[in-house]
$ cat my_file_33.pdb   # PDB, C-alpha atoms, pLDDT in the B column
ATOM      1  CA  MET H 255      51.829 143.150  70.876  1.00 33.00           C
ATOM      2  CA  THR H 256      49.707 140.077  71.523  1.00 37.00           C
ATOM      3  CA  THR H 257      47.842 139.495  74.766  1.00 34.00           C
ATOM      4  CA  THR H 258      46.887 136.210  76.352  1.00 42.00           C
ATOM      5  CA  PRO H 259      43.577 135.638  78.100  1.00 49.00           C
ATOM      6  CA  ALA H 260      43.619 135.556  81.880  1.00 76.00           C
ATOM      7  CA  ASP H 261      44.073 132.144  83.435  1.00 89.00           C
ATOM      8  CA  PRO H 262      40.769 130.547  84.451  1.00 95.00           C
ATOM      9  CA  ILE H 263      39.802 130.488  88.110  1.00 96.00           C
ATOM     10  CA  ARG H 264      40.525 126.994  89.395  1.00 97.00           C
ATOM     11  CA  VAL H 265      37.653 125.731  91.562  1.00 98.00           C
ATOM     12  CA  LEU H 266      37.402 122.763  93.920  1.00 98.00           C
ATOM     13  CA  ILE H 267      33.771 121.712  94.513  1.00 98.00           C
ATOM     14  CA  VAL H 268      32.915 120.178  97.904  1.00 97.00           C
ATOM     15  CA  ASP H 269      29.393 118.783  98.358  1.00 96.00           C
ATOM     16  CA  ASP H 270      28.078 115.381  99.406  1.00 94.00           C
ATOM     17  CA  HIS H 271      25.168 115.455  96.931  1.00 94.00           C
ATOM     18  CA  THR H 272      26.079 114.112  93.491  1.00 95.00           C
ATOM     19  CA  VAL H 273      23.338 116.090  91.748  1.00 95.00           C
ATOM     20  CA  VAL H 274      24.589 119.348  93.288  1.00 95.00           C
ATOM     21  CA  ARG H 275      28.177 118.635  92.228  1.00 96.00           C
ATOM     22  CA  ILE H 276      27.058 117.821  88.698  1.00 96.00           C
ATOM     23  CA  GLY H 277      25.044 121.025  88.543  1.00 95.00           C
ATOM     24  CA  LEU H 278      27.914 123.171  89.809  1.00 96.00           C
ATOM     25  CA  ARG H 279      30.436 121.489  87.514  1.00 96.00           C
ATOM     26  CA  THR H 280      28.144 121.960  84.520  1.00 96.00           C
ATOM     27  CA  LEU H 281      27.552 125.609  85.378  1.00 96.00           C
ATOM     28  CA  LEU H 282      31.247 126.421  85.796  1.00 96.00           C
ATOM     29  CA  THR H 283      32.321 124.383  82.770  1.00 94.00           C
ATOM     30  CA  HIS H 284      29.954 126.383  80.580  1.00 94.00           C
ATOM     31  CA  SER H 285      30.876 129.728  82.157  1.00 94.00           C
ATOM     32  CA  ALA H 286      33.854 131.633  80.808  1.00 92.00           C
ATOM     33  CA  GLY H 287      36.857 131.946  83.080  1.00 95.00           C
ATOM     34  CA  PHE H 288      36.436 128.859  85.303  1.00 97.00           C
ATOM     35  CA  ARG H 289      38.008 125.432  85.538  1.00 96.00           C
ATOM     36  CA  VAL H 290      36.880 122.710  87.931  1.00 97.00           C
ATOM     37  CA  VAL H 291      40.020 121.001  89.249  1.00 97.00           C
ATOM     38  CA  GLY H 292      38.392 118.545  91.609  1.00 97.00           C
ATOM     39  CA  GLU H 293      35.315 117.348  93.475  1.00 97.00           C
ATOM     40  CA  ALA H 294      35.056 116.154  97.064  1.00 97.00           C
ATOM     41  CA  GLN H 295      32.205 114.577  99.011  1.00 96.00           C
ATOM     42  CA  THR H 296      33.597 114.860 102.542  1.00 96.00           C
ATOM     43  CA  ALA H 297      35.549 117.279 104.719  1.00 95.00           C
ATOM     44  CA  ALA H 298      38.563 114.946 104.721  1.00 96.00           C
ATOM     45  CA  GLU H 299      38.528 114.714 100.924  1.00 97.00           C
ATOM     46  CA  ALA H 300      38.265 118.503 100.711  1.00 97.00           C
ATOM     47  CA  VAL H 301      41.421 119.003 102.783  1.00 96.00           C
ATOM     48  CA  GLN H 302      43.277 116.314 100.827  1.00 96.00           C
ATOM     49  CA  LEU H 303      42.224 117.545  97.392  1.00 97.00           C
ATOM     50  CA  ASN H 304      43.064 121.121  98.300  1.00 96.00           C
ATOM     51  CA  GLU H 305      46.641 119.937  98.935  1.00 95.00           C
ATOM     52  CA  GLN H 306      46.734 118.095  95.627  1.00 96.00           C
ATOM     53  CA  THR H 307      45.037 120.564  93.296  1.00 96.00           C
ATOM     54  CA  HIS H 308      45.834 123.979  94.841  1.00 95.00           C
ATOM     55  CA  PRO H 309      42.583 125.621  93.679  1.00 97.00           C
ATOM     56  CA  ASP H 310      42.017 129.362  93.563  1.00 96.00           C
ATOM     57  CA  VAL H 311      38.652 128.908  95.285  1.00 97.00           C
ATOM     58  CA  VAL H 312      37.166 126.055  97.313  1.00 97.00           C
ATOM     59  CA  LEU H 313      33.381 125.990  96.948  1.00 97.00           C
ATOM     60  CA  MET H 314      32.431 124.339 100.243  1.00 96.00           C
ATOM     61  CA  ASP H 315      29.142 123.003 101.605  1.00 94.00           C
ATOM     62  CA  VAL H 316      28.618 123.586 105.337  1.00 92.00           C
ATOM     63  CA  ARG H 317      27.263 120.148 106.284  1.00 91.00           C
ATOM     64  CA  LEU H 318      29.234 117.115 105.151  1.00 94.00           C
ATOM     65  CA  PRO H 319      28.922 113.407 106.057  1.00 94.00           C
ATOM     66  CA  ASP H 320      32.107 113.268 108.143  1.00 93.00           C
ATOM     67  CA  GLY H 321      31.849 116.661 109.809  1.00 88.00           C
ATOM     68  CA  SER H 322      31.556 120.344 109.141  1.00 91.00           C
ATOM     69  CA  GLY H 323      32.624 122.283 106.101  1.00 93.00           C
ATOM     70  CA  VAL H 324      33.465 125.079 108.520  1.00 92.00           C
ATOM     71  CA  GLU H 325      36.020 122.845 110.236  1.00 93.00           C
ATOM     72  CA  ALA H 326      37.417 121.819 106.850  1.00 95.00           C
ATOM     73  CA  CYS H 327      37.725 125.507 106.000  1.00 94.00           C
ATOM     74  CA  ARG H 328      39.584 126.106 109.255  1.00 92.00           C
ATOM     75  CA  LYS H 329      42.054 123.301 108.488  1.00 94.00           C
ATOM     76  CA  ILE H 330      42.648 124.514 104.953  1.00 95.00           C
ATOM     77  CA  LYS H 331      43.225 128.081 106.143  1.00 92.00           C
ATOM     78  CA  ALA H 332      45.584 126.866 108.891  1.00 90.00           C
ATOM     79  CA  ASP H 333      47.810 125.171 106.314  1.00 90.00           C
ATOM     80  CA  HIS H 334      47.295 127.745 103.568  1.00 92.00           C
ATOM     81  CA  PRO H 335      46.413 131.190 104.974  1.00 89.00           C
ATOM     82  CA  ASP H 336      45.954 132.616 101.466  1.00 91.00           C
ATOM     83  CA  ALA H 337      43.387 129.974 100.490  1.00 93.00           C
ATOM     84  CA  ARG H 338      39.962 131.226  99.413  1.00 95.00           C
ATOM     85  CA  VAL H 339      37.011 129.225 100.722  1.00 95.00           C
ATOM     86  CA  LEU H 340      33.478 130.197  99.704  1.00 94.00           C
ATOM     87  CA  MET H 341      30.765 128.522 101.752  1.00 92.00           C
ATOM     88  CA  LEU H 342      27.757 127.461  99.658  1.00 90.00           C
ATOM     89  CA  THR H 343      24.848 126.097 101.661  1.00 85.00           C
ATOM     90  CA  SER H 344      21.105 125.951 102.167  1.00 84.00           C
ATOM     91  CA  TYR H 345      21.341 126.946 105.820  1.00 75.00           C
ATOM     92  CA  THR H 346      21.218 130.390 107.445  1.00 72.00           C
ATOM     93  CA  ASP H 347      21.701 129.301 111.063  1.00 73.00           C
ATOM     94  CA  GLU H 348      23.723 131.875 112.960  1.00 70.00           C
ATOM     95  CA  GLU H 349      26.174 129.378 114.459  1.00 75.00           C
ATOM     96  CA  ALA H 350      27.295 128.170 111.019  1.00 79.00           C
ATOM     97  CA  ILE H 351      27.580 131.694 109.631  1.00 79.00           C
ATOM     98  CA  VAL H 352      29.609 133.024 112.549  1.00 75.00           C
ATOM     99  CA  GLY H 353      31.716 129.855 112.544  1.00 81.00           C
ATOM    100  CA  ALA H 354      32.483 130.245 108.845  1.00 84.00           C
ATOM    101  CA  VAL H 355      33.497 133.882 109.258  1.00 79.00           C
ATOM    102  CA  MET H 356      35.700 133.046 112.257  1.00 79.00           C
ATOM    103  CA  ALA H 357      37.255 130.141 110.322  1.00 86.00           C
ATOM    104  CA  GLY H 358      38.392 132.579 107.651  1.00 87.00           C
ATOM    105  CA  ALA H 359      35.882 131.869 104.873  1.00 89.00           C
ATOM    106  CA  SER H 360      35.901 134.391 102.040  1.00 88.00           C
ATOM    107  CA  GLY H 361      32.129 134.376 101.865  1.00 86.00           C
ATOM    108  CA  TYR H 362      28.836 132.703 102.721  1.00 87.00           C
ATOM    109  CA  LEU H 363      26.345 132.184  99.903  1.00 88.00           C
ATOM    110  CA  LEU H 364      23.011 130.372  99.868  1.00 87.00           C
ATOM    111  CA  LYS H 365      22.264 127.734  97.248  1.00 88.00           C
ATOM    112  CA  GLN H 366      19.163 129.681  96.283  1.00 86.00           C
ATOM    113  CA  ALA H 367      21.481 132.191  94.579  1.00 87.00           C
ATOM    114  CA  ASP H 368      21.178 132.339  90.793  1.00 90.00           C
ATOM    115  CA  ALA H 369      23.998 131.358  88.439  1.00 93.00           C
ATOM    116  CA  GLU H 370      25.145 134.922  87.847  1.00 93.00           C
ATOM    117  CA  ARG H 371      25.394 135.674  91.566  1.00 91.00           C
ATOM    118  CA  LEU H 372      27.290 132.452  92.219  1.00 94.00           C
ATOM    119  CA  THR H 373      29.882 132.992  89.492  1.00 95.00           C
ATOM    120  CA  GLN H 374      30.329 136.589  90.592  1.00 93.00           C
ATOM    121  CA  ALA H 375      30.871 135.441  94.190  1.00 92.00           C
ATOM    122  CA  ILE H 376      33.556 132.996  93.039  1.00 95.00           C
ATOM    123  CA  ARG H 377      35.296 135.761  91.114  1.00 95.00           C
ATOM    124  CA  GLU H 378      35.139 138.023  94.170  1.00 92.00           C
ATOM    125  CA  ALA H 379      36.585 135.295  96.398  1.00 93.00           C
ATOM    126  CA  ALA H 380      39.404 134.640  93.918  1.00 94.00           C
ATOM    127  CA  ALA H 381      40.180 138.364  93.956  1.00 92.00           C
ATOM    128  CA  GLY H 382      40.429 138.378  97.734  1.00 89.00           C
ATOM    129  CA  GLU H 383      37.076 140.056  98.295  1.00 88.00           C
ATOM    130  CA  SER H 384      34.327 138.986 100.695  1.00 81.00           C
ATOM    131  CA  THR H 385      30.810 137.940  99.798  1.00 81.00           C
ATOM    132  CA  LEU H 386      27.905 137.518 102.200  1.00 77.00           C
ATOM    133  CA  ASP H 387      24.356 136.654 101.198  1.00 74.00           C
ATOM    134  CA  PRO H 388      21.956 139.354 102.499  1.00 65.00           C
ATOM    135  CA  ARG H 389      19.970 136.750 104.444  1.00 66.00           C
ATOM    136  CA  ALA H 390      23.147 135.424 106.005  1.00 63.00           C
ATOM    137  CA  ALA H 391      24.327 138.966 106.710  1.00 59.00           C
ATOM    138  CA  GLY H 392      21.160 139.624 108.708  1.00 57.00           C
ATOM    139  CA  ALA H 393      21.733 136.543 110.857  1.00 59.00           C
ATOM    140  CA  LEU H 394      25.385 137.480 111.350  1.00 58.00           C
ATOM    141  CA  LEU H 395      24.499 141.025 112.363  1.00 55.00           C
ATOM    142  CA  HIS H 396      21.960 139.723 114.890  1.00 57.00           C
ATOM    143  CA  GLN H 397      24.537 137.382 116.398  1.00 57.00           C
ATOM    144  CA  PHE H 398      27.164 140.114 116.710  1.00 56.00           C
ATOM    145  CA  ARG H 399      24.619 142.453 118.272  1.00 58.00           C
ATOM    146  CA  GLU H 400      23.868 139.836 120.919  1.00 58.00           C
ATOM    147  CA  LEU H 401      27.569 139.340 121.554  1.00 54.00           C
ATOM    148  CA  SER H 402      28.065 143.102 121.804  1.00 54.00           C
ATOM    149  CA  ALA H 403      25.201 143.392 124.263  1.00 59.00           C
ATOM    150  CA  LYS H 404      26.670 140.638 126.442  1.00 61.00           C
ATOM    151  CA  GLN H 405      30.095 142.269 126.302  1.00 61.00           C
ATOM    152  CA  ALA H 406      28.651 145.655 127.224  1.00 61.00           C
ATOM    153  CA  GLU H 407      26.783 144.156 130.179  1.00 65.00           C
ATOM    154  CA  ALA H 408      29.978 142.450 131.361  1.00 65.00           C
ATOM    155  CA  GLU H 409      31.842 145.751 131.167  1.00 64.00           C
ATOM    156  CA  LEU H 410      29.123 147.500 133.177  1.00 71.00           C
ATOM    157  CA  ALA H 411      28.853 144.726 135.782  1.00 72.00           C
ATOM    158  CA  GLY H 412      31.371 146.418 138.074  1.00 76.00           C
ATOM    159  CA  LEU H 413      29.318 149.607 138.401  1.00 81.00           C
ATOM    160  CA  THR H 414      26.846 150.287 141.175  1.00 83.00           C
ATOM    161  CA  ASP H 415      23.283 151.342 140.364  1.00 83.00           C
ATOM    162  CA  ARG H 416      24.157 154.924 141.310  1.00 86.00           C
ATOM    163  CA  GLU H 417      27.228 154.886 139.055  1.00 87.00           C
ATOM    164  CA  ARG H 418      25.149 153.539 136.190  1.00 84.00           C
ATOM    165  CA  ARG H 419      22.567 156.272 136.664  1.00 87.00           C
ATOM    166  CA  MET H 420      25.294 158.877 136.842  1.00 87.00           C
ATOM    167  CA  LEU H 421      27.015 157.536 133.725  1.00 86.00           C
ATOM    168  CA  ALA H 422      23.706 157.503 131.822  1.00 85.00           C
ATOM    169  CA  LEU H 423      23.075 161.134 132.786  1.00 88.00           C
ATOM    170  CA  ILE H 424      26.604 162.093 131.723  1.00 87.00           C
ATOM    171  CA  ALA H 425      25.942 160.429 128.360  1.00 83.00           C
ATOM    172  CA  GLU H 426      22.789 162.557 128.007  1.00 83.00           C
ATOM    173  CA  GLY H 427      24.806 165.718 128.589  1.00 85.00           C
ATOM    174  CA  TYR H 428      23.728 166.527 132.150  1.00 87.00           C
ATOM    175  CA  THR H 429      25.959 168.886 134.127  1.00 89.00           C
ATOM    176  CA  ASN H 430      27.054 168.065 137.671  1.00 89.00           C
ATOM    177  CA  ARG H 431      24.395 170.412 139.018  1.00 90.00           C
ATOM    178  CA  ALA H 432      21.685 168.797 136.883  1.00 90.00           C
ATOM    179  CA  ILE H 433      22.834 165.330 137.926  1.00 90.00           C
ATOM    180  CA  GLY H 434      22.648 166.439 141.567  1.00 90.00           C
ATOM    181  CA  GLU H 435      19.057 167.580 141.087  1.00 91.00           C
ATOM    182  CA  VAL H 436      18.082 164.220 139.593  1.00 89.00           C
ATOM    183  CA  LEU H 437      19.906 162.140 142.191  1.00 89.00           C
ATOM    184  CA  HIS H 438      19.216 164.512 145.100  1.00 91.00           C
ATOM    185  CA  LEU H 439      22.914 165.101 145.756  1.00 91.00           C
ATOM    186  CA  SER H 440      24.957 168.252 146.193  1.00 93.00           C
ATOM    187  CA  GLU H 441      26.986 169.452 143.240  1.00 91.00           C
ATOM    188  CA  LYS H 442      30.186 168.877 145.201  1.00 92.00           C
ATOM    189  CA  THR H 443      29.198 165.284 145.972  1.00 93.00           C
ATOM    190  CA  VAL H 444      28.386 164.684 142.325  1.00 91.00           C
ATOM    191  CA  ARG H 445      31.752 166.110 141.316  1.00 91.00           C
ATOM    192  CA  ASN H 446      33.515 163.694 143.643  1.00 92.00           C
ATOM    193  CA  HIS H 447      31.467 160.746 142.402  1.00 90.00           C
ATOM    194  CA  VAL H 448      32.135 161.657 138.766  1.00 90.00           C
ATOM    195  CA  SER H 449      35.882 161.830 139.445  1.00 90.00           C
ATOM    196  CA  GLN H 450      35.773 158.398 141.071  1.00 89.00           C
ATOM    197  CA  LEU H 451      33.705 157.021 138.210  1.00 88.00           C
ATOM    198  CA  LEU H 452      36.151 158.296 135.596  1.00 87.00           C
ATOM    199  CA  ARG H 453      39.065 156.723 137.462  1.00 87.00           C
ATOM    200  CA  LYS H 454      37.146 153.454 137.731  1.00 85.00           C
ATOM    201  CA  LEU H 455      36.539 153.406 133.980  1.00 82.00           C
ATOM    202  CA  GLY H 456      40.067 154.542 133.156  1.00 82.00           C
ATOM    203  CA  PHE H 457      39.038 157.863 131.572  1.00 82.00           C
ATOM    204  CA  GLN H 458      40.410 161.353 132.072  1.00 80.00           C
ATOM    205  CA  ARG H 459      37.499 163.359 130.661  1.00 81.00           C
ATOM    206  CA  ARG H 460      33.751 163.035 131.063  1.00 81.00           C
ATOM    207  CA  SER H 461      33.396 163.296 127.266  1.00 82.00           C
ATOM    208  CA  GLN H 462      35.206 159.952 127.007  1.00 81.00           C
ATOM    209  CA  ALA H 463      32.801 158.402 129.516  1.00 80.00           C
ATOM    210  CA  ALA H 464      29.839 159.871 127.630  1.00 81.00           C
ATOM    211  CA  ALA H 465      31.035 158.392 124.326  1.00 78.00           C
ATOM    212  CA  TRP H 466      31.721 155.029 125.968  1.00 74.00           C
ATOM    213  CA  ALA H 467      28.250 154.894 127.508  1.00 76.00           C
ATOM    214  CA  GLY H 468      26.667 156.022 124.243  1.00 71.00           C
ATOM    215  CA  GLN H 469      28.329 153.217 122.298  1.00 66.00           C
ATOM    216  CA  ARG H 470      26.871 150.736 124.780  1.00 64.00           C
ATOM    217  CA  ARG H 471      23.451 152.391 124.653  1.00 64.00           C
ATOM    218  CA  LEU H 472      23.388 152.725 128.405  1.00 63.00           C
ATOM    219  CA  GLU H 473      19.937 153.742 129.560  1.00 60.00           C
ATOM    220  CA  LEU H 474      18.970 155.483 132.780  1.00 58.00           C
ATOM    221  CA  PRO H 475      18.079 152.766 135.351  1.00 55.00           C
ATOM    222  CA  PRO H 476      14.808 153.232 137.252  1.00 57.00           C
ATOM    223  CA  ASP H 477      14.846 154.716 140.746  1.00 58.00           C
TER     224      ASP H 477
END
$ encode --input "my_file_33.pdb" --output "structure tokens"
Amino acid sequence: MTTTPADPIRVLIVDDHTVVRIGLRTLLTHSAGFRVVGEAQTAAEAVQLNEQTHPDVVLMDVRLPDGSGVEACRKIKADHPDARVLMLTSYTDEEAIVGAVMAGASGYLLKQADAERLTQAIREAAAGESTLDPRAAGALLHQFRELSAKQAEAELAGLTDRERRMLALIAEGYTNRAIGEVLHLSEKTVRNHVSQLLRKLGFQRRSQAAAWAGQRRLELPPD
């Protein structure tokens, strides 16, 4: 029984610098398993050529003369949800990275990557996997941490200072009696406040409130 080699991965290159396009085309042409099906210099050309060539992977620069590669990615994904777009750029700014991820990009790779890493990233994108440069991953993680912190603060905004202190103590495993000693309240008063707090947060058990506060890293406010 004879076998046929796998079809090459069809790549559309999008970059406004001629030298970069030549370098990428040369690299992929001389690498086994790839075929360059088109080259675009602008976001508009990228969207148009994607329609015409139906590549397996679009290798997209972030900054293009007529707009953003991220926006081009978003348009391509809107028309072709299964499209694979791999962002290739020199920039690690958080806005571009988060924008690319939200636009549905299959990965975000820096141009400083060596040839082996780049070709591997294209293969991963073609296979439906995600690739993120470690430096870009750090920026993305920082951005999501900031967003999480803002979300947590918004969720806690409806609590009074006493409720925050009580919730922080619950998260640390304090009993009602121990909470009363810290807040100078009777155990019965603490019990009533805890019940009200659980209802306010939509929980039935204090263990749920403790886990919720722990996830948000709620700290004990000062007196």
$ residues_near_point --input "my_file_33.pdb" --point "(38.1, 125.6, 110.8)" --cutoff "10 Å" --atoms "only C-alpha atoms" --output "PyMOL selection string"
chain H and resi 322-332+353-359
$ residues_near_point --input "my_file_33.pdb" --point "(36.1, 131.8, 98.3)" --cutoff "6 Å" --atoms "only C-alpha atoms" --output "PyMOL selection string"
chain H and resi 311-312+338-340+360-361+376+379
$ residues_around --input "my_file_33.pdb" --residues "Met341 of chain H" --least-positions-apart "4" --cutoff "7 Å" --atoms "all atoms listed in the file" --output "list in words"
Leu313, Met314, Asp315, Val316, Ala359, Gly361, Tyr362 and Leu363 of chain H
$ closest_residue --input "my_file_33.pdb" --among "H:Pro319, H:Gly412, H:Pro262, H:Gly468" --to "Ala298 of chain H" --atoms "only C-alpha atoms"
H:Pro319
$ axis_aligned_box --input "my_file_33.pdb" --around "segment 350-355 of chain H" --padding-each-side "5 Å" --output "lines of an AutoDock Vina configuration file"
center_x = 30.4
center_y = 131.0
center_z = 110.7
size_x = 16.2
size_y = 15.7
size_z = 13.7
$ closest_residue --input "my_file_33.pdb" --among "H:Ala422, H:Leu439, H:Ala300, H:Leu282" --to "Asp270 of chain H" --atoms "only C-alpha atoms"
H:Ala300
$ residues_around --input "my_file_33.pdb" --residues "Ile424 of chain H" --least-positions-apart "3" --cutoff "8 Å" --atoms "only C-alpha atoms" --output "list in words"
Met420, Leu421, Gly427, Tyr428, Thr429, Ile433, Arg460, Ala463 and Ala464 of chain H
$ write_last_selection --input "my_file_33.pdb" --atoms "C-alpha atoms" --output "short mmCIF file (atom, residue, chain, number, x, y, z; two decimals), in the frame of the given file"
data_model
loop_
_atom_site.label_atom_id
_atom_site.label_comp_id
_atom_site.auth_asym_id
_atom_site.auth_seq_id
_atom_site.Cartn_x
_atom_site.Cartn_y
_atom_site.Cartn_z
CA MET H 420 25.29 158.88 136.84
CA LEU H 421 27.02 157.54 133.72
CA GLY H 427 24.81 165.72 128.59
CA TYR H 428 23.73 166.53 132.15
CA THR H 429 25.96 168.89 134.13
CA ILE H 433 22.83 165.33 137.93
CA ARG H 460 33.75 163.04 131.06
CA ALA H 463 32.80 158.40 129.52
CA ALA H 464 29.84 159.87 127.63
#
$ closest_residue --input "my_file_33.pdb" --among "H:Ala297, H:Ala411, H:Ala260, H:Leu266" --to "Asp310 of chain H" --atoms "only C-alpha atoms"
H:Leu266
$ atom_distance --input "my_file_33.pdb" --atom1 "atom CA of Gly321 of chain H" --atom2 "atom CA of Thr283 of chain H"
28.1 Å
$ residues_around --input "my_file_33.pdb" --residues "segment 284-296 of chain H" --least-positions-apart "6" --cutoff "8 Å" --atoms "only C-alpha atoms" --output "PDB file with C-alpha atoms, keeping the file's coordinate frame"
ATOM      1  CA  ALA H 260      43.619 135.556  81.880  1.00 76.00           C
ATOM      2  CA  ASP H 261      44.073 132.144  83.435  1.00 89.00           C
ATOM      3  CA  PRO H 262      40.769 130.547  84.451  1.00 95.00           C
ATOM      4  CA  ILE H 263      39.802 130.488  88.110  1.00 96.00           C
ATOM      5  CA  ARG H 264      40.525 126.994  89.395  1.00 97.00           C
ATOM      6  CA  VAL H 265      37.653 125.731  91.562  1.00 98.00           C
ATOM      7  CA  LEU H 266      37.402 122.763  93.920  1.00 98.00           C
ATOM      8  CA  ILE H 267      33.771 121.712  94.513  1.00 98.00           C
ATOM      9  CA  VAL H 268      32.915 120.178  97.904  1.00 97.00           C
ATOM     10  CA  ASP H 269      29.393 118.783  98.358  1.00 96.00           C
ATOM     11  CA  ASP H 270      28.078 115.381  99.406  1.00 94.00           C
ATOM     12  CA  HIS H 271      25.168 115.455  96.931  1.00 94.00           C
ATOM     13  CA  ARG H 275      28.177 118.635  92.228  1.00 96.00           C
ATOM     14  CA  LEU H 303      42.224 117.545  97.392  1.00 97.00           C
ATOM     15  CA  THR H 307      45.037 120.564  93.296  1.00 96.00           C
ATOM     16  CA  PRO H 309      42.583 125.621  93.679  1.00 97.00           C
ATOM     17  CA  LEU H 318      29.234 117.115 105.151  1.00 94.00           C
ATOM     18  CA  PRO H 319      28.922 113.407 106.057  1.00 94.00           C
ATOM     19  CA  ASP H 320      32.107 113.268 108.143  1.00 93.00           C
ATOM     20  CA  GLY H 321      31.849 116.661 109.809  1.00 88.00           C
TER      21      GLY H 321
END
$ closest_residue --input "my_file_33.pdb" --among "H:Ala465, H:Leu423, H:Val448, H:Ile351" --to "Val436 of chain H" --atoms "all atoms listed in the file"
H:Leu423
$ atom_distance --input "my_file_33.pdb" --atom1 "atom CA of Ala425 of chain H" --atom2 "atom CA of Glu441 of chain H"
17.4 Å
$ decode --input "my_file_33.pdb" --residues "segment 458-469 of chain H" --atoms "N, CA, C and O atoms" --output "short mmCIF file (atom, residue, chain, number, x, y, z; two decimals), in the first residue's frame"
data_model
loop_
_atom_site.label_atom_id
_atom_site.label_comp_id
_atom_site.auth_asym_id
_atom_site.auth_seq_id
_atom_site.Cartn_x
_atom_site.Cartn_y
_atom_site.Cartn_z
N GLN H 458 -25.01 30.11 50.71
CA GLN H 458 -25.74 29.41 51.76
C GLN H 458 -24.83 28.99 52.91
O GLN H 458 -25.29 28.83 54.04
N ARG H 459 -23.55 28.80 52.60
CA ARG H 459 -22.60 28.32 53.62
C ARG H 459 -21.42 29.28 53.72
O ARG H 459 -20.99 29.87 52.72
N ARG H 460 -20.87 29.39 54.92
CA ARG H 460 -19.73 30.28 55.12
C ARG H 460 -18.49 29.77 54.38
O ARG H 460 -17.62 30.56 54.02
N SER H 461 -18.43 28.46 54.11
CA SER H 461 -17.30 27.92 53.35
C SER H 461 -17.28 28.49 51.93
O SER H 461 -16.20 28.71 51.36
N GLN H 462 -18.47 28.73 51.37
CA GLN H 462 -18.55 29.34 50.05
C GLN H 462 -18.03 30.77 50.09
O GLN H 462 -17.29 31.19 49.19
N ALA H 463 -18.41 31.51 51.13
CA ALA H 463 -17.94 32.88 51.28
C ALA H 463 -16.44 32.92 51.49
O ALA H 463 -15.74 33.79 50.96
N ALA H 464 -15.92 31.96 52.25
CA ALA H 464 -14.48 31.90 52.51
C ALA H 464 -13.71 31.65 51.21
O ALA H 464 -12.68 32.30 50.95
N ALA H 465 -14.21 30.72 50.39
CA ALA H 465 -13.55 30.42 49.12
C ALA H 465 -13.62 31.63 48.18
O ALA H 465 -12.64 31.97 47.51
N TRP H 466 -14.76 32.28 48.17
CA TRP H 466 -14.95 33.46 47.30
C TRP H 466 -13.99 34.58 47.69
O TRP H 466 -13.35 35.19 46.84
N ALA H 467 -13.87 34.83 48.99
CA ALA H 467 -12.96 35.87 49.46
C ALA H 467 -11.51 35.48 49.20
O ALA H 467 -10.68 36.33 48.86
N GLY H 468 -11.20 34.18 49.35
CA GLY H 468 -9.84 33.73 49.12
C GLY H 468 -9.42 33.90 47.67
O GLY H 468 -8.28 34.29 47.38
N GLN H 469 -10.33 33.64 46.75
CA GLN H 469 -10.03 33.81 45.33
C GLN H 469 -9.74 35.26 45.00
O GLN H 469 -8.96 35.56 44.09
#
